[in-house]
$ cat model33.txt   # compact mmCIF, C-alpha atoms
# COMPACT_ATOMS: atom_id res chain seq x y z
CA LYS Z 405 -81.87 -100.19 -94.38
CA GLN Z 406 -83.75 -103.12 -92.83
CA TRP Z 407 -84.21 -101.17 -89.62
CA TYR Z 408 -85.70 -98.30 -91.55
CA GLN Z 409 -88.00 -100.53 -93.61
CA ARG Z 410 -89.35 -102.11 -90.44
CA ARG Z 411 -90.09 -98.72 -88.92
CA VAL Z 412 -91.84 -97.59 -92.10
CA ALA Z 413 -93.94 -100.77 -92.18
CA ILE Z 414 -94.84 -100.46 -88.51
CA THR Z 415 -95.73 -96.76 -88.83
CA ALA Z 416 -97.86 -97.36 -91.92
CA GLY Z 417 -99.55 -100.32 -90.22
CA ILE Z 418 -100.43 -98.26 -87.17
CA VAL Z 419 -101.89 -95.53 -89.37
CA GLY Z 420 -103.99 -98.23 -91.03
CA LEU Z 421 -105.33 -99.37 -87.64
CA ILE Z 422 -106.49 -95.87 -86.81
CA ALA Z 423 -108.59 -95.68 -89.96
CA LEU Z 424 -110.32 -99.05 -89.56
CA LEU Z 425 -113.51 -97.84 -87.95
CA PRO Z 426 -114.81 -94.49 -89.14
CA PRO Z 427 -117.44 -92.92 -86.87
CA LEU Z 428 -121.00 -92.69 -88.09
CA LEU Z 429 -122.93 -89.48 -88.54
CA ASP Z 430 -125.80 -91.27 -86.82
CA ASP Z 431 -123.72 -91.39 -83.61
CA VAL Z 432 -123.33 -87.60 -83.69
CA ILE Z 433 -127.06 -87.01 -84.12
CA ARG Z 434 -128.20 -89.75 -81.71
CA PRO Z 435 -125.59 -90.82 -79.16
CA PRO Z 436 -125.16 -94.61 -78.96
CA VAL Z 437 -127.35 -96.61 -76.57
CA SER Z 438 -124.42 -98.39 -74.95
CA ASP Z 439 -121.35 -96.85 -73.35
CA THR Z 440 -119.40 -100.03 -73.95
CA PRO Z 441 -116.69 -99.39 -76.53
CA LEU Z 442 -116.31 -101.75 -79.44
CA PRO Z 443 -113.01 -103.66 -79.64
CA GLN Z 444 -112.19 -101.57 -82.71
CA HIS Z 445 -112.49 -98.40 -80.61
CA LEU Z 446 -109.95 -99.74 -78.13
CA GLN Z 447 -107.66 -100.68 -81.01
CA GLN Z 448 -108.10 -97.25 -82.57
CA ALA Z 449 -107.28 -95.49 -79.28
CA ALA Z 450 -104.21 -97.65 -78.72
CA ALA Z 451 -103.00 -97.10 -82.29
CA ALA Z 452 -103.46 -93.31 -82.02
CA LYS Z 453 -101.55 -93.32 -78.72
CA VAL Z 454 -98.69 -95.44 -80.07
CA LEU Z 455 -98.47 -93.29 -83.19
CA GLY Z 456 -98.20 -90.23 -80.97
CA LEU Z 457 -95.42 -91.78 -78.93
CA MET Z 458 -93.54 -92.76 -82.09
CA THR Z 459 -93.88 -89.42 -83.84
CA GLU Z 460 -93.47 -87.08 -80.88
CA ASN Z 461 -89.67 -87.17 -81.06
CA SER Z 462 -89.05 -88.36 -84.60
CA ASN Z 463 -89.52 -86.04 -87.54
CA LEU Z 464 -88.80 -88.94 -89.86
CA LEU Z 465 -91.53 -91.18 -88.41
CA ALA Z 466 -93.89 -88.21 -88.27
CA THR Z 467 -93.27 -87.56 -91.96
CA ILE Z 468 -93.90 -91.21 -92.79
CA ALA Z 469 -97.13 -91.13 -90.77
CA VAL Z 470 -98.38 -87.97 -92.50
CA GLU Z 471 -97.52 -89.35 -95.93
CA ASN Z 472 -99.50 -92.51 -95.10
CA GLY Z 473 -102.69 -90.58 -94.28
CA ALA Z 474 -102.38 -90.22 -90.50
CA VAL Z 475 -103.74 -86.67 -90.45
CA GLN Z 476 -106.93 -87.55 -92.31
CA SER Z 477 -107.52 -90.58 -90.08
CA LEU Z 478 -106.80 -88.70 -86.86
CA ILE Z 479 -109.14 -85.86 -87.87
CA VAL Z 480 -111.93 -88.37 -88.45
CA VAL Z 481 -111.21 -90.06 -85.09
CA LEU Z 482 -111.72 -86.68 -83.38
CA SER Z 483 -115.40 -87.11 -84.23
CA ASN Z 484 -115.68 -90.56 -82.64
CA VAL Z 485 -118.22 -89.69 -79.93
CA ARG Z 486 -118.60 -93.36 -79.04
CA HIS Z 487 -115.13 -93.50 -77.49
CA PRO Z 488 -113.68 -90.32 -75.94
CA PRO Z 489 -110.26 -91.96 -75.29
CA SER Z 490 -109.89 -92.39 -79.06
CA GLN Z 491 -110.66 -88.70 -79.49
CA GLN Z 492 -108.14 -87.74 -76.80
CA HIS Z 493 -105.30 -89.86 -78.19
CA ALA Z 494 -106.02 -88.68 -81.73
CA ALA Z 495 -106.02 -85.06 -80.54
CA ARG Z 496 -102.74 -85.48 -78.69
CA THR Z 497 -101.06 -87.05 -81.72
CA LEU Z 498 -102.50 -84.40 -84.04
CA SER Z 499 -101.15 -81.70 -81.74
CA TYR Z 500 -97.62 -83.06 -82.25
CA LEU Z 501 -98.09 -83.13 -86.01
CA VAL Z 502 -99.59 -79.62 -86.08
CA ARG Z 503 -96.52 -78.28 -84.31
CA MET Z 504 -94.12 -80.17 -86.59
CA PHE Z 505 -95.63 -79.38 -89.99
CA THR Z 506 -97.18 -76.14 -91.22
CA GLU Z 507 -99.15 -78.16 -93.78
CA VAL Z 508 -100.89 -80.07 -90.98
CA HIS Z 509 -101.54 -76.80 -89.14
CA GLU Z 510 -103.20 -75.32 -92.24
CA THR Z 511 -105.25 -78.48 -92.84
CA LEU Z 512 -106.55 -78.50 -89.28
CA LYS Z 513 -107.29 -74.78 -89.51
CA GLU Z 514 -109.49 -75.49 -92.55
CA CYS Z 515 -111.29 -78.31 -90.74
CA LEU Z 516 -111.79 -76.63 -87.36
CA GLY Z 517 -111.61 -72.94 -88.14
CA ALA Z 518 -109.08 -70.54 -86.63
CA GLU Z 519 -110.88 -70.05 -83.30
CA LEU Z 520 -111.38 -73.75 -82.58
CA LEU Z 521 -107.82 -74.48 -83.72
CA ASP Z 522 -106.56 -72.03 -81.10
CA GLU Z 523 -108.62 -73.86 -78.47
CA PHE Z 524 -107.25 -77.16 -79.77
CA LEU Z 525 -103.66 -75.97 -79.46
CA LYS Z 526 -104.25 -74.81 -75.87
CA SER Z 527 -105.84 -78.06 -74.73
CA PRO Z 528 -105.90 -80.83 -77.38
CA GLU Z 529 -107.21 -83.53 -75.05
CA GLU Z 530 -110.27 -81.44 -74.16
CA ILE Z 531 -111.27 -80.37 -77.67
CA HIS Z 532 -113.69 -83.27 -78.13
CA LYS Z 533 -115.91 -81.76 -75.42
CA LYS Z 534 -116.21 -78.50 -77.37
CA LEU Z 535 -117.15 -79.88 -80.78
CA THR Z 536 -120.66 -79.15 -82.01
CA PRO Z 537 -122.66 -81.63 -84.12
CA THR Z 538 -121.95 -79.48 -87.20
CA GLN Z 539 -118.21 -79.56 -86.52
CA LEU Z 540 -118.34 -83.30 -85.85
CA ASP Z 541 -120.12 -83.80 -89.17
CA LYS Z 542 -117.39 -81.84 -90.94
CA LEU Z 543 -114.69 -83.96 -89.27
CA ILE Z 544 -116.46 -87.21 -90.14
CA SER Z 545 -116.65 -86.27 -93.81
CA ASN Z 546 -113.05 -85.04 -93.90
CA ASN Z 547 -111.10 -86.36 -96.85
CA THR Z 548 -108.17 -83.97 -96.76
CA GLN Z 549 -104.83 -85.31 -97.85
CA VAL Z 550 -101.80 -83.50 -96.49
CA ILE Z 551 -98.94 -83.09 -98.93
CA LEU Z 552 -95.70 -82.17 -97.23
CA ALA Z 553 -93.25 -79.83 -98.89
CA GLN Z 554 -89.96 -81.62 -99.45
CA ASN Z 555 -86.92 -80.18 -97.72
CA SER Z 556 -83.94 -80.61 -100.02
CA SER Z 557 -81.48 -79.70 -97.26
CA ASP Z 558 -81.74 -83.11 -95.63
CA ASP Z 559 -80.65 -85.55 -98.33
CA GLU Z 560 -80.35 -88.53 -95.99
CA ASP Z 561 -83.94 -88.26 -94.78
CA MET Z 562 -85.13 -87.73 -98.36
CA GLU Z 563 -83.34 -90.88 -99.48
CA LEU Z 564 -84.96 -92.82 -96.65
CA LEU Z 565 -88.38 -91.37 -97.43
CA GLN Z 566 -88.08 -92.41 -101.06
CA MET Z 567 -87.66 -95.98 -99.88
CA THR Z 568 -91.17 -95.85 -98.40
CA GLU Z 569 -92.58 -96.02 -101.90
CA GLU Z 570 -90.99 -99.43 -102.30
CA ILE Z 571 -92.64 -100.86 -99.21
CA THR Z 572 -96.17 -102.14 -99.43
CA VAL Z 573 -98.05 -102.78 -96.21
CA GLN Z 574 -100.84 -105.27 -96.54
$ encode --input "model33.txt" --output "structure tokens"
Amino acid sequence: KQWYQRRVAITAGIVGLIALLPPLLDDVIRPPVSDTPLPQHLQQAAAAKVLGLMTENSNLLATIAVENGAVQSLIVVLSNVRHPPSQQHAARTLSYLVRMFTEVHETLKECLGAELLDEFLKSPEEIHKKLTPTQLDKLISNNTQVILAQNSSDDEDMELLQMTEEITVQ
């Protein structure tokens, strides 16, 4: 139980780090003067990468991440034109989640459209190069919450997931 609670806290904390610095619409319209990333951009890229590594092979951690708002945060990070590595790591992590959960697939389809979603699935790390200012604006203003359907066939995972409600990450 302690092991699980630690993993939940860590996963939720990493999701929180991704959402710390939302991109600005101003950056989409007028690219930033400096190419130097802010420390928050480096933190955001690292958090998106770590989250991807954690969730790639763990449905349980992926579920925890999605329930803690990872999809919304990662979609917004896709629009971070000030730091392409953040976009790439967010895209890679989102590609794992899209393949794991139909709800994430449908959410991303709504945000990107069917054609761009197909491009995303073929080459997630390159999608940031294909986004138009209008698409970036839509991603920036994204406030979609993904609600996962509960699978009653896996009682052990459900019991563990219910414990997440008891854990508060500050």
$ closest_atom_pairs --input "model33.txt" --of "stretch 411-493 of chain Z" --to "stretch 508-529 of chain Z" --cutoff "12 Å" --atoms "only C-alpha atoms" --output "CSV"
residue,atom,partner,partner_atom,distance
Z:Lys453,CA,Z:Glu529,CA,11.9
Z:Ala466,CA,Z:Val508,CA,11.1
Z:Thr467,CA,Z:Val508,CA,10.7
Z:Ala469,CA,Z:Val508,CA,11.7
Z:Val470,CA,Z:Val508,CA,8.4
Z:Glu471,CA,Z:Val508,CA,11.0
Z:Gly473,CA,Z:Val508,CA,11.2
Z:Ala474,CA,Z:Val508,CA,10.3
Z:Val475,CA,Z:Val508,CA,7.2
Z:Gln476,CA,Z:Thr511,CA,9.2
Z:Leu478,CA,Z:Leu512,CA,10.5
Z:Ile479,CA,Z:Leu512,CA,7.9
Z:Val480,CA,Z:Cys515,CA,10.3
Z:Leu482,CA,Z:Glu529,CA,10.0
Z:Ser483,CA,Z:Leu516,CA,11.5
Z:Pro488,CA,Z:Glu529,CA,9.4
Z:Pro489,CA,Z:Glu529,CA,9.0
Z:Ser490,CA,Z:Glu529,CA,10.1
Z:Gln491,CA,Z:Glu529,CA,7.6
Z:Gln492,CA,Z:Glu529,CA,4.7
Z:His493,CA,Z:Glu529,CA,7.3
$ atom_distance --input "model33.txt" --atom1 "atom CA of Z:Ile414" --atom2 "atom CA of Z:Ser499"
20.9 Å
$ atom_distance --input "model33.txt" --atom1 "atom CA of Z:Thr415" --atom2 "atom CA of Z:Asp541"
27.6 Å
$ atom_distance --input "model33.txt" --atom1 "atom CA of Z:Thr459" --atom2 "atom CA of Z:Glu507"
15.9 Å
$ build_atoms --input "model33.txt" --residues "stretch 445-463 of chain Z" --atoms "N, CA, C and O atoms" --output "PDB file, in the coordinates of the input"
ATOM      1  N   HIS Z 445    -112.750 -99.696 -81.233  1.00  0.00           N
ATOM      2  CA  HIS Z 445    -112.490 -98.400 -80.610  1.00  0.00           C
ATOM      3  C   HIS Z 445    -111.259 -98.472 -79.723  1.00  0.00           C
ATOM      4  O   HIS Z 445    -110.450 -97.537 -79.697  1.00  0.00           O
ATOM      5  N   LEU Z 446    -111.131 -99.560 -78.981  1.00  0.00           N
ATOM      6  CA  LEU Z 446    -109.950 -99.740 -78.130  1.00  0.00           C
ATOM      7  C   LEU Z 446    -108.690 -99.831 -78.979  1.00  0.00           C
ATOM      8  O   LEU Z 446    -107.653 -99.248 -78.648  1.00  0.00           O
ATOM      9  N   GLN Z 447    -108.796-100.544 -80.078  1.00  0.00           N
ATOM     10  CA  GLN Z 447    -107.660-100.680 -81.010  1.00  0.00           C
ATOM     11  C   GLN Z 447    -107.301 -99.328 -81.605  1.00  0.00           C
ATOM     12  O   GLN Z 447    -106.128 -98.967 -81.703  1.00  0.00           O
ATOM     13  N   GLN Z 448    -108.307 -98.576 -81.972  1.00  0.00           N
ATOM     14  CA  GLN Z 448    -108.100 -97.250 -82.570  1.00  0.00           C
ATOM     15  C   GLN Z 448    -107.424 -96.312 -81.561  1.00  0.00           C
ATOM     16  O   GLN Z 448    -106.480 -95.593 -81.906  1.00  0.00           O
ATOM     17  N   ALA Z 449    -107.882 -96.338 -80.319  1.00  0.00           N
ATOM     18  CA  ALA Z 449    -107.280 -95.490 -79.280  1.00  0.00           C
ATOM     19  C   ALA Z 449    -105.835 -95.878 -79.040  1.00  0.00           C
ATOM     20  O   ALA Z 449    -104.955 -95.014 -78.943  1.00  0.00           O
ATOM     21  N   ALA Z 450    -105.580 -97.170 -78.950  1.00  0.00           N
ATOM     22  CA  ALA Z 450    -104.210 -97.650 -78.720  1.00  0.00           C
ATOM     23  C   ALA Z 450    -103.303 -97.270 -79.892  1.00  0.00           C
ATOM     24  O   ALA Z 450    -102.167 -96.826 -79.692  1.00  0.00           O
ATOM     25  N   ALA Z 451    -103.806 -97.426 -81.109  1.00  0.00           N
ATOM     26  CA  ALA Z 451    -103.000 -97.100 -82.290  1.00  0.00           C
ATOM     27  C   ALA Z 451    -102.698 -95.597 -82.339  1.00  0.00           C
ATOM     28  O   ALA Z 451    -101.563 -95.187 -82.638  1.00  0.00           O
ATOM     29  N   ALA Z 452    -103.683 -94.768 -82.022  1.00  0.00           N
ATOM     30  CA  ALA Z 452    -103.460 -93.310 -82.020  1.00  0.00           C
ATOM     31  C   ALA Z 452    -102.432 -92.945 -80.941  1.00  0.00           C
ATOM     32  O   ALA Z 452    -101.566 -92.095 -81.166  1.00  0.00           O
ATOM     33  N   LYS Z 453    -102.507 -93.598 -79.797  1.00  0.00           N
ATOM     34  CA  LYS Z 453    -101.550 -93.320 -78.720  1.00  0.00           C
ATOM     35  C   LYS Z 453    -100.135 -93.740 -79.112  1.00  0.00           C
ATOM     36  O   LYS Z 453     -99.182 -92.986 -78.934  1.00  0.00           O
ATOM     37  N   VAL Z 454    -100.001 -94.945 -79.654  1.00  0.00           N
ATOM     38  CA  VAL Z 454     -98.690 -95.440 -80.070  1.00  0.00           C
ATOM     39  C   VAL Z 454     -98.104 -94.552 -81.166  1.00  0.00           C
ATOM     40  O   VAL Z 454     -96.919 -94.214 -81.141  1.00  0.00           O
ATOM     41  N   LEU Z 455     -98.939 -94.165 -82.116  1.00  0.00           N
ATOM     42  CA  LEU Z 455     -98.470 -93.290 -83.190  1.00  0.00           C
ATOM     43  C   LEU Z 455     -97.948 -91.973 -82.604  1.00  0.00           C
ATOM     44  O   LEU Z 455     -96.908 -91.460 -83.025  1.00  0.00           O
ATOM     45  N   GLY Z 456     -98.646 -91.451 -81.628  1.00  0.00           N
ATOM     46  CA  GLY Z 456     -98.200 -90.230 -80.970  1.00  0.00           C
ATOM     47  C   GLY Z 456     -96.853 -90.409 -80.293  1.00  0.00           C
ATOM     48  O   GLY Z 456     -95.968 -89.557 -80.399  1.00  0.00           O
ATOM     49  N   LEU Z 457     -96.688 -91.515 -79.604  1.00  0.00           N
ATOM     50  CA  LEU Z 457     -95.420 -91.780 -78.930  1.00  0.00           C
ATOM     51  C   LEU Z 457     -94.279 -91.933 -79.942  1.00  0.00           C
ATOM     52  O   LEU Z 457     -93.160 -91.486 -79.694  1.00  0.00           O
ATOM     53  N   MET Z 458     -94.572 -92.553 -81.064  1.00  0.00           N
ATOM     54  CA  MET Z 458     -93.540 -92.760 -82.090  1.00  0.00           C
ATOM     55  C   MET Z 458     -93.154 -91.461 -82.793  1.00  0.00           C
ATOM     56  O   MET Z 458     -91.995 -91.258 -83.127  1.00  0.00           O
ATOM     57  N   THR Z 459     -94.138 -90.612 -83.027  1.00  0.00           N
ATOM     58  CA  THR Z 459     -93.880 -89.420 -83.840  1.00  0.00           C
ATOM     59  C   THR Z 459     -93.480 -88.199 -83.018  1.00  0.00           C
ATOM     60  O   THR Z 459     -92.943 -87.242 -83.572  1.00  0.00           O
ATOM     61  N   GLU Z 460     -93.732 -88.240 -81.738  1.00  0.00           N
ATOM     62  CA  GLU Z 460     -93.470 -87.080 -80.880  1.00  0.00           C
ATOM     63  C   GLU Z 460     -92.013 -86.606 -80.983  1.00  0.00           C
ATOM     64  O   GLU Z 460     -91.749 -85.414 -81.012  1.00  0.00           O
ATOM     65  N   ASN Z 461     -91.088 -87.533 -81.053  1.00  0.00           N
ATOM     66  CA  ASN Z 461     -89.670 -87.170 -81.060  1.00  0.00           C
ATOM     67  C   ASN Z 461     -88.942 -87.593 -82.331  1.00  0.00           C
ATOM     68  O   ASN Z 461     -87.722 -87.647 -82.345  1.00  0.00           O
ATOM     69  N   SER Z 462     -89.691 -87.920 -83.366  1.00  0.00           N
ATOM     70  CA  SER Z 462     -89.050 -88.360 -84.600  1.00  0.00           C
ATOM     71  C   SER Z 462     -89.698 -87.693 -85.801  1.00  0.00           C
ATOM     72  O   SER Z 462     -90.796 -88.075 -86.216  1.00  0.00           O
ATOM     73  N   ASN Z 463     -89.005 -86.704 -86.345  1.00  0.00           N
ATOM     74  CA  ASN Z 463     -89.520 -86.040 -87.540  1.00  0.00           C
ATOM     75  C   ASN Z 463     -89.661 -87.021 -88.694  1.00  0.00           C
ATOM     76  O   ASN Z 463     -90.584 -86.920 -89.502  1.00  0.00           O
TER      77      ASN Z 463
END
